[in-house]
Amino acid sequence: MENREAPIAVFDSGLGGVSVLRELIRIMPNEDFYYFGDSKHAPYGTKSAQQVRQMTIMHTQRFIAMGAKGVVIACNTATSAAVRRLRQMYPALPLVGIEPAVKPAAERYPQGNILVMATPITIREAKLQHLIERFGGDANIIPLACPGLMDFVEAGNIDSPEVYGFLRDILEPYQGKLDGVVLGCTHYPFVSKTITRILGTDVEIFDGGPGTAKEMKRRLEEAGLLRQNTQIQGKINFENSDKSQQKKELFYKLLNY
Ligand code: DGL
């Protein structure tokens, strides 16, 4: 496993983690990535935390058995359900999860109104509560569960009147009242333009993807596991539990979105 040439595994319940993968590629273009999406069993966010924990652990075990030198849990839902357990199981592994960007949002708007959009599990789990207590300060943090939103992205439906209608219905009560929106699910960056259309351009959008990618790079660097040859162009290997051509095509479409 101590192999600089080994790939970095990136995991999500489906294709949302591609929003994190593109940040990883941007800052580590020489590295190989293995992206696994579990679209067949998505959405995770409406399951029980225990189910999500079991599935996430099972997939991570496979990535490690394949020889991955690091693992990114590019799913807020899987992170909130499983990352603590995974850290106990693999203390030496560079393992990074994604969590809602409450900290940067509250730092930027210390007295502000900040909406956290995420899946029902992420909203319910203690991890978000801890984040708010620890970093929320005096900001007014408003958690909003958005069941159903990820399904649009999984279907490749990211810029349609239906997505607009769905988002308008859930966001209308907050129009004119917000300073920031935290995208607490890796599928949501793909609909952020529509969110901005509804809430206006002065509402700032916070995405945890770039910070997560930076943290993975830091961890690999610290462990001496970054590739040394900067002439190499990294390869991207994609796999999905849903073997359809649609998922494959959508993966590349989102990667270049
Ligand atoms: N992409 C996932 C996240 O970041 C969740 C989507 C799902 O419900 O499966 O939370």
# chains A, B, ... in the order shown; residues from 1 in each chain; ligands from 1
call {"tool": "residues_near_ligand", "arguments": {"ligand": "ligand 1", "cutoff": "7 Å", "atoms": "only C-alpha atoms and all ligand atoms", "output": "VMD selection string"}}
result
chain A and resid 12 to 14 16 to 17 42 to 46 74 to 78 118 to 119 122 150 184 to 187
call {"tool": "residues_around", "arguments": {"residues": "Ile142 in chain A", "least_positions_apart": "5", "cutoff": "7 Å", "atoms": "only C-alpha atoms", "output": "list in words"}}
result
Ile114, Leu115 and Val116 of chain A
call {"tool": "write_last_selection", "arguments": {"atoms": "all heavy atoms", "output": "PDB file, in the first residue's frame"}}
result
ATOM      1  N   ILE A 114     -27.360  31.602   7.050  1.00  0.00           N
ATOM      2  CA  ILE A 114     -26.718  30.629   6.166  1.00  0.00           C
ATOM      3  C   ILE A 114     -27.569  29.365   6.074  1.00  0.00           C
ATOM      4  O   ILE A 114     -27.852  28.712   7.088  1.00  0.00           O
ATOM      5  CB  ILE A 114     -25.304  30.282   6.691  1.00  0.00           C
ATOM      6  CG1 ILE A 114     -24.433  31.552   6.668  1.00  0.00           C
ATOM      7  CG2 ILE A 114     -24.672  29.178   5.855  1.00  0.00           C
ATOM      8  CD1 ILE A 114     -23.238  31.486   7.553  1.00  0.00           C
ATOM      9  N   LEU A 115     -27.960  29.030   4.856  1.00  0.00           N
ATOM     10  CA  LEU A 115     -28.768  27.836   4.629  1.00  0.00           C
ATOM     11  C   LEU A 115     -27.851  26.654   4.312  1.00  0.00           C
ATOM     12  O   LEU A 115     -26.957  26.777   3.472  1.00  0.00           O
ATOM     13  CB  LEU A 115     -29.712  28.095   3.446  1.00  0.00           C
ATOM     14  CG  LEU A 115     -30.796  27.051   3.184  1.00  0.00           C
ATOM     15  CD1 LEU A 115     -31.882  27.122   4.260  1.00  0.00           C
ATOM     16  CD2 LEU A 115     -31.432  27.259   1.797  1.00  0.00           C
ATOM     17  N   VAL A 116     -28.049  25.529   4.994  1.00  0.00           N
ATOM     18  CA  VAL A 116     -27.271  24.324   4.685  1.00  0.00           C
ATOM     19  C   VAL A 116     -28.197  23.330   3.992  1.00  0.00           C
ATOM     20  O   VAL A 116     -29.112  22.785   4.612  1.00  0.00           O
ATOM     21  CB  VAL A 116     -26.679  23.679   5.955  1.00  0.00           C
ATOM     22  CG1 VAL A 116     -25.877  22.419   5.596  1.00  0.00           C
ATOM     23  CG2 VAL A 116     -25.784  24.659   6.703  1.00  0.00           C
TER      24      VAL A 116
END
call {"tool": "select_by_dssp", "arguments": {"residues": "range 31-143 of chain A", "states": "alpha helix (DSSP H)", "output": "PyMOL selection string"}}
result
chain A and resi 49-65+76-89+102-108+120-124+126-135
call {"tool": "closest_atom_pairs", "arguments": {"of": "range 87-175 of chain A", "to": "range 29-41 of chain A", "cutoff": "12 Å", "atoms": "only C-alpha atoms", "output": "JSON lines"}}
result
{"residue": "A:Met150", "atom": "CA", "partner": "A:Ser39", "partner_atom": "CA", "distance": 10.9}
{"residue": "A:Asp151", "atom": "CA", "partner": "A:Ser39", "partner_atom": "CA", "distance": 10.1}
{"residue": "A:Val153", "atom": "CA", "partner": "A:Ser39", "partner_atom": "CA", "distance": 11.1}
{"residue": "A:Glu154", "atom": "CA", "partner": "A:Ser39", "partner_atom": "CA", "distance": 7.7}
{"residue": "A:Ala155", "atom": "CA", "partner": "A:Ser39", "partner_atom": "CA", "distance": 10.2}
call {"tool": "residues_around", "arguments": {"residues": "Gly67 in chain A", "least_positions_apart": "5", "cutoff": "12 Å", "atoms": "only C-alpha atoms", "output": "ChimeraX atom specification"}}
result
/A:1-9,33-34,60-62,93
call {"tool": "write_last_selection", "arguments": {"atoms": "C-alpha atoms", "output": "CSV table (one decimal), in the first residue's frame"}}
result
chain,number,residue,atom,x,y,z
A,1,MET,CA,0.0,0.0,0.0
A,2,GLU,CA,2.9,2.4,0.5
A,3,ASN,CA,3.0,3.0,-3.2
A,4,ARG,CA,3.3,6.4,-4.7
A,5,GLU,CA,2.2,5.0,-8.1
A,6,ALA,CA,-1.1,3.6,-6.7
A,7,PRO,CA,-4.4,5.3,-7.5
A,8,ILE,CA,-6.4,7.5,-5.1
A,9,ALA,CA,-9.9,6.0,-4.7
A,33,PHE,CA,-7.8,8.2,-9.7
A,34,TYR,CA,-10.3,5.4,-9.3
A,60,THR,CA,-13.7,1.2,1.3
A,61,GLN,CA,-12.4,-2.3,2.2
A,62,ARG,CA,-12.5,-3.1,-1.5
A,93,LEU,CA,-4.6,5.4,5.7
call {"tool": "closest_residue", "arguments": {"among": "A:Leu255, A:Val182, A:Leu144, A:Ala68", "to": "Ala106 in chain A", "atoms": "only C-alpha atoms"}}
result
A:Val182
call {"tool": "residues_around", "arguments": {"residues": "Val102 in chain A", "least_positions_apart": "5", "cutoff": "7 Å", "atoms": "only C-alpha atoms", "output": "number ranges by chain"}}
result
A: 131-132, 135-136, 182
call {"tool": "write_last_selection", "arguments": {"atoms": "C-alpha atoms", "output": "CSV table (one decimal), in the first residue's frame"}}
result
chain,number,residue,atom,x,y,z
A,131,LEU,CA,-20.0,21.4,13.1
A,132,ILE,CA,-22.6,24.1,13.8
A,135,PHE,CA,-17.8,26.7,13.9
A,136,GLY,CA,-21.2,28.3,13.6
A,182,VAL,CA,-23.7,25.7,1.9
call {"tool": "residues_around", "arguments": {"residues": "Glu215 in chain A", "least_positions_apart": "5", "cutoff": "9 Å", "atoms": "only C-alpha atoms", "output": "list in words"}}
result
Val96, Pro210 and Leu220 of chain A
call {"tool": "residues_around", "arguments": {"residues": "range 171-174 of chain A", "least_positions_apart": "6", "cutoff": "9 Å", "atoms": "only C-alpha atoms", "output": "NGL selection string"}}
result
:A and (115 or 195 or 198-199)
call {"tool": "residues_around", "arguments": {"residues": "Leu95 in chain A", "least_positions_apart": "3", "cutoff": "12 Å", "atoms": "only C-alpha atoms", "output": "MDAnalysis selection string"}}
result
chainID A and resid 8:11 60 63:64 68:74 79 82:92 98 212:213 215:220 223
call {"tool": "write_last_selection", "arguments": {"atoms": "C-alpha atoms", "output": "PDB file, in the first residue's frame"}}
result
ATOM      1  CA  ILE A   8      -6.436   7.468  -5.137  1.00  0.00           C
ATOM      2  CA  ALA A   9      -9.934   6.042  -4.680  1.00  0.00           C
ATOM      3  CA  VAL A  10     -12.885   8.450  -4.742  1.00  0.00           C
ATOM      4  CA  PHE A  11     -16.262   7.235  -3.584  1.00  0.00           C
ATOM      5  CA  THR A  60     -13.706   1.186   1.272  1.00  0.00           C
ATOM      6  CA  PHE A  63     -10.531   0.063  -2.442  1.00  0.00           C
ATOM      7  CA  ILE A  64      -7.888  -0.850   0.110  1.00  0.00           C
ATOM      8  CA  ALA A  68      -5.494   2.467  -3.267  1.00  0.00           C
ATOM      9  CA  LYS A  69      -2.985   4.772  -1.548  1.00  0.00           C
ATOM     10  CA  GLY A  70      -5.710   7.051  -0.231  1.00  0.00           C
ATOM     11  CA  VAL A  71      -9.490   7.204  -0.072  1.00  0.00           C
ATOM     12  CA  VAL A  72     -11.754  10.225  -0.513  1.00  0.00           C
ATOM     13  CA  ILE A  73     -15.302   9.757   0.698  1.00  0.00           C
ATOM     14  CA  ALA A  74     -16.769  12.290  -1.738  1.00  0.00           C
ATOM     15  CA  THR A  79     -18.967  10.712   5.603  1.00  0.00           C
ATOM     16  CA  ALA A  82     -19.134   6.108   8.390  1.00  0.00           C
ATOM     17  CA  VAL A  83     -15.996   8.210   8.572  1.00  0.00           C
ATOM     18  CA  ARG A  84     -15.445   7.862  12.323  1.00  0.00           C
ATOM     19  CA  ARG A  85     -15.619   4.105  12.116  1.00  0.00           C
ATOM     20  CA  LEU A  86     -13.349   4.010   9.056  1.00  0.00           C
ATOM     21  CA  ARG A  87     -10.739   6.123  10.825  1.00  0.00           C
ATOM     22  CA  GLN A  88     -10.731   3.632  13.691  1.00  0.00           C
ATOM     23  CA  MET A  89     -10.395   0.738  11.277  1.00  0.00           C
ATOM     24  CA  TYR A  90      -7.609   2.297   9.164  1.00  0.00           C
ATOM     25  CA  PRO A  91      -5.693   4.770  11.332  1.00  0.00           C
ATOM     26  CA  ALA A  92      -2.700   4.926   8.972  1.00  0.00           C
ATOM     27  CA  ILE A  98     -16.350  15.703   2.867  1.00  0.00           C
ATOM     28  CA  THR A 212     -11.613  18.316   0.666  1.00  0.00           C
ATOM     29  CA  ALA A 213      -9.309  17.973  -2.329  1.00  0.00           C
ATOM     30  CA  GLU A 215      -6.869  18.119   2.494  1.00  0.00           C
ATOM     31  CA  MET A 216      -6.295  14.874   0.552  1.00  0.00           C
ATOM     32  CA  LYS A 217      -3.260  16.401  -1.131  1.00  0.00           C
ATOM     33  CA  ARG A 218      -1.899  17.527   2.228  1.00  0.00           C
ATOM     34  CA  ARG A 219      -2.393  14.065   3.737  1.00  0.00           C
ATOM     35  CA  LEU A 220      -0.643  12.328   0.838  1.00  0.00           C
ATOM     36  CA  ALA A 223       2.697  10.481   4.132  1.00  0.00           C
TER      37      ALA A 223
END
call {"tool": "select_by_dssp", "arguments": {"residues": "range 171-216 of chain A", "states": "strand (DSSP E or B)", "output": "list in words"}}
result
Gly180, Val181, Val182, Leu183, Glu204, Ile205, Phe206 and Asp207 of chain A
call {"tool": "closest_atom_pairs", "arguments": {"of": "range 98-196 of chain A", "to": "range 204-209 of chain A", "cutoff": "6 Å", "atoms": "only C-alpha atoms", "output": "CSV"}}
result
residue,atom,partner,partner_atom,distance
A:Pro100,CA,A:Gly208,CA,5.9
A:Ala101,CA,A:Gly208,CA,5.0
A:Gly180,CA,A:Glu204,CA,4.5
A:Val181,CA,A:Ile205,CA,4.9
A:Val182,CA,A:Phe206,CA,4.7
A:Leu183,CA,A:Asp207,CA,5.3
call {"tool": "closest_residue", "arguments": {"among": "A:Thr230, A:Gly165, A:Val18, A:Ile121", "to": "Lys248 in chain A", "atoms": "only C-alpha atoms"}}
result
A:Val18
call {"tool": "decode", "arguments": {"residues": "range 190-203 of chain A", "atoms": "all heavy atoms", "output": "PDB file, in the first residue's frame"}}
result
ATOM      1  N   PHE A 190     -23.725  20.761  -9.093  1.00  0.00           N
ATOM      2  CA  PHE A 190     -24.157  20.715 -10.491  1.00  0.00           C
ATOM      3  C   PHE A 190     -25.450  21.502 -10.735  1.00  0.00           C
ATOM      4  O   PHE A 190     -25.822  21.734 -11.877  1.00  0.00           O
ATOM      5  CB  PHE A 190     -24.302  19.261 -10.956  1.00  0.00           C
ATOM      6  CG  PHE A 190     -22.992  18.540 -10.961  1.00  0.00           C
ATOM      7  CD1 PHE A 190     -22.726  17.528 -10.043  1.00  0.00           C
ATOM      8  CD2 PHE A 190     -21.982  18.903 -11.852  1.00  0.00           C
ATOM      9  CE1 PHE A 190     -21.497  16.880 -10.029  1.00  0.00           C
ATOM     10  CE2 PHE A 190     -20.758  18.270 -11.840  1.00  0.00           C
ATOM     11  CZ  PHE A 190     -20.504  17.253 -10.926  1.00  0.00           C
ATOM     12  N   VAL A 191     -26.146  21.869  -9.657  1.00  0.00           N
ATOM     13  CA  VAL A 191     -27.352  22.696  -9.846  1.00  0.00           C
ATOM     14  C   VAL A 191     -27.180  24.080  -9.183  1.00  0.00           C
ATOM     15  O   VAL A 191     -28.155  24.785  -8.953  1.00  0.00           O
ATOM     16  CB  VAL A 191     -28.636  21.994  -9.317  1.00  0.00           C
ATOM     17  CG1 VAL A 191     -28.942  20.754 -10.152  1.00  0.00           C
ATOM     18  CG2 VAL A 191     -28.532  21.633  -7.846  1.00  0.00           C
ATOM     19  N   SER A 192     -25.942  24.435  -8.901  1.00  0.00           N
ATOM     20  CA  SER A 192     -25.727  25.694  -8.167  1.00  0.00           C
ATOM     21  C   SER A 192     -26.133  26.920  -8.988  1.00  0.00           C
ATOM     22  O   SER A 192     -26.560  27.923  -8.427  1.00  0.00           O
ATOM     23  CB  SER A 192     -24.290  25.797  -7.666  1.00  0.00           C
ATOM     24  OG  SER A 192     -23.428  26.009  -8.725  1.00  0.00           O
ATOM     25  N   LYS A 193     -26.017  26.816 -10.321  1.00  0.00           N
ATOM     26  CA  LYS A 193     -26.419  27.973 -11.143  1.00  0.00           C
ATOM     27  C   LYS A 193     -27.915  28.240 -10.988  1.00  0.00           C
ATOM     28  O   LYS A 193     -28.344  29.390 -10.931  1.00  0.00           O
ATOM     29  CB  LYS A 193     -26.107  27.697 -12.618  1.00  0.00           C
ATOM     30  CG  LYS A 193     -24.665  27.924 -12.948  1.00  0.00           C
ATOM     31  CD  LYS A 193     -24.435  27.886 -14.462  1.00  0.00           C
ATOM     32  CE  LYS A 193     -22.968  27.620 -14.732  1.00  0.00           C
ATOM     33  NZ  LYS A 193     -22.741  26.612 -15.764  1.00  0.00           N
ATOM     34  N   THR A 194     -28.680  27.170 -10.916  1.00  0.00           N
ATOM     35  CA  THR A 194     -30.134  27.327 -10.742  1.00  0.00           C
ATOM     36  C   THR A 194     -30.443  27.885  -9.355  1.00  0.00           C
ATOM     37  O   THR A 194     -31.331  28.727  -9.195  1.00  0.00           O
ATOM     38  CB  THR A 194     -30.837  25.966 -10.967  1.00  0.00           C
ATOM     39  OG1 THR A 194     -30.408  25.454 -12.222  1.00  0.00           O
ATOM     40  CG2 THR A 194     -32.348  26.112 -10.974  1.00  0.00           C
ATOM     41  N   ILE A 195     -29.699  27.446  -8.363  1.00  0.00           N
ATOM     42  CA  ILE A 195     -29.885  27.975  -7.000  1.00  0.00           C
ATOM     43  C   ILE A 195     -29.640  29.485  -7.009  1.00  0.00           C
ATOM     44  O   ILE A 195     -30.416  30.262  -6.446  1.00  0.00           O
ATOM     45  CB  ILE A 195     -28.936  27.249  -5.999  1.00  0.00           C
ATOM     46  CG1 ILE A 195     -29.330  25.772  -5.890  1.00  0.00           C
ATOM     47  CG2 ILE A 195     -28.956  27.935  -4.623  1.00  0.00           C
ATOM     48  CD1 ILE A 195     -28.390  24.905  -5.066  1.00  0.00           C
ATOM     49  N   THR A 196     -28.581  29.896  -7.698  1.00  0.00           N
ATOM     50  CA  THR A 196     -28.267  31.325  -7.784  1.00  0.00           C
ATOM     51  C   THR A 196     -29.345  32.086  -8.560  1.00  0.00           C
ATOM     52  O   THR A 196     -29.695  33.209  -8.200  1.00  0.00           O
ATOM     53  CB  THR A 196     -26.871  31.513  -8.438  1.00  0.00           C
ATOM     54  OG1 THR A 196     -25.913  30.939  -7.560  1.00  0.00           O
ATOM     55  CG2 THR A 196     -26.527  32.982  -8.644  1.00  0.00           C
ATOM     56  N   ARG A 197     -29.881  31.454  -9.586  1.00  0.00           N
ATOM     57  CA  ARG A 197     -30.959  32.128 -10.344  1.00  0.00           C
ATOM     58  C   ARG A 197     -32.154  32.425  -9.447  1.00  0.00           C
ATOM     59  O   ARG A 197     -32.825  33.435  -9.590  1.00  0.00           O
ATOM     60  CB  ARG A 197     -31.409  31.224 -11.495  1.00  0.00           C
ATOM     61  CG  ARG A 197     -30.863  31.669 -12.838  1.00  0.00           C
ATOM     62  CD  ARG A 197     -31.105  30.640 -13.910  1.00  0.00           C
ATOM     63  NE  ARG A 197     -32.484  30.532 -14.315  1.00  0.00           N
ATOM     64  CZ  ARG A 197     -33.042  29.438 -14.838  1.00  0.00           C
ATOM     65  NH1 ARG A 197     -32.313  28.344 -14.992  1.00  0.00           N
ATOM     66  NH2 ARG A 197     -34.295  29.418 -15.184  1.00  0.00           N
ATOM     67  N   ILE A 198     -32.403  31.532  -8.507  1.00  0.00           N
ATOM     68  CA  ILE A 198     -33.573  31.697  -7.637  1.00  0.00           C
ATOM     69  C   ILE A 198     -33.277  32.649  -6.471  1.00  0.00           C
ATOM     70  O   ILE A 198     -34.096  33.504  -6.124  1.00  0.00           O
ATOM     71  CB  ILE A 198     -34.038  30.316  -7.111  1.00  0.00           C
ATOM     72  CG1 ILE A 198     -34.549  29.475  -8.284  1.00  0.00           C
ATOM     73  CG2 ILE A 198     -35.117  30.453  -6.034  1.00  0.00           C
ATOM     74  CD1 ILE A 198     -34.644  28.011  -8.011  1.00  0.00           C
ATOM     75  N   LEU A 199     -32.080  32.526  -5.893  1.00  0.00           N
ATOM     76  CA  LEU A 199     -31.791  33.307  -4.676  1.00  0.00           C
ATOM     77  C   LEU A 199     -31.089  34.634  -4.959  1.00  0.00           C
ATOM     78  O   LEU A 199     -31.048  35.510  -4.091  1.00  0.00           O
ATOM     79  CB  LEU A 199     -30.940  32.481  -3.713  1.00  0.00           C
ATOM     80  CG  LEU A 199     -31.626  31.243  -3.104  1.00  0.00           C
ATOM     81  CD1 LEU A 199     -30.638  30.446  -2.275  1.00  0.00           C
ATOM     82  CD2 LEU A 199     -32.842  31.642  -2.254  1.00  0.00           C
ATOM     83  N   GLY A 200     -30.525  34.760  -6.158  1.00  0.00           N
ATOM     84  CA  GLY A 200     -29.838  36.009  -6.504  1.00  0.00           C
ATOM     85  C   GLY A 200     -28.333  35.883  -6.350  1.00  0.00           C
ATOM     86  O   GLY A 200     -27.835  35.057  -5.568  1.00  0.00           O
ATOM     87  N   THR A 201     -27.619  36.741  -7.080  1.00  0.00           N
ATOM     88  CA  THR A 201     -26.155  36.606  -7.122  1.00  0.00           C
ATOM     89  C   THR A 201     -25.477  37.109  -5.843  1.00  0.00           C
ATOM     90  O   THR A 201     -24.311  36.840  -5.619  1.00  0.00           O
ATOM     91  CB  THR A 201     -25.562  37.386  -8.319  1.00  0.00           C
ATOM     92  OG1 THR A 201     -26.215  38.652  -8.396  1.00  0.00           O
ATOM     93  CG2 THR A 201     -25.737  36.655  -9.615  1.00  0.00           C
ATOM     94  N   ASP A 202     -26.192  37.838  -4.992  1.00  0.00           N
ATOM     95  CA  ASP A 202     -25.488  38.259  -3.765  1.00  0.00           C
ATOM     96  C   ASP A 202     -25.546  37.201  -2.666  1.00  0.00           C
ATOM     97  O   ASP A 202     -24.989  37.408  -1.588  1.00  0.00           O
ATOM     98  CB  ASP A 202     -25.940  39.646  -3.250  1.00  0.00           C
ATOM     99  CG  ASP A 202     -27.317  40.025  -3.664  1.00  0.00           C
ATOM    100  OD1 ASP A 202     -27.633  39.688  -4.817  1.00  0.00           O
ATOM    101  OD2 ASP A 202     -28.056  40.633  -2.863  1.00  0.00           O
ATOM    102  N   VAL A 203     -26.191  36.086  -2.920  1.00  0.00           N
ATOM    103  CA  VAL A 203     -26.130  34.985  -1.947  1.00  0.00           C
ATOM    104  C   VAL A 203     -24.944  34.097  -2.338  1.00  0.00           C
ATOM    105  O   VAL A 203     -24.908  33.533  -3.435  1.00  0.00           O
ATOM    106  CB  VAL A 203     -27.441  34.168  -1.940  1.00  0.00           C
ATOM    107  CG1 VAL A 203     -27.325  32.976  -0.997  1.00  0.00           C
ATOM    108  CG2 VAL A 203     -28.610  35.050  -1.533  1.00  0.00           C
TER     109      VAL A 203
END
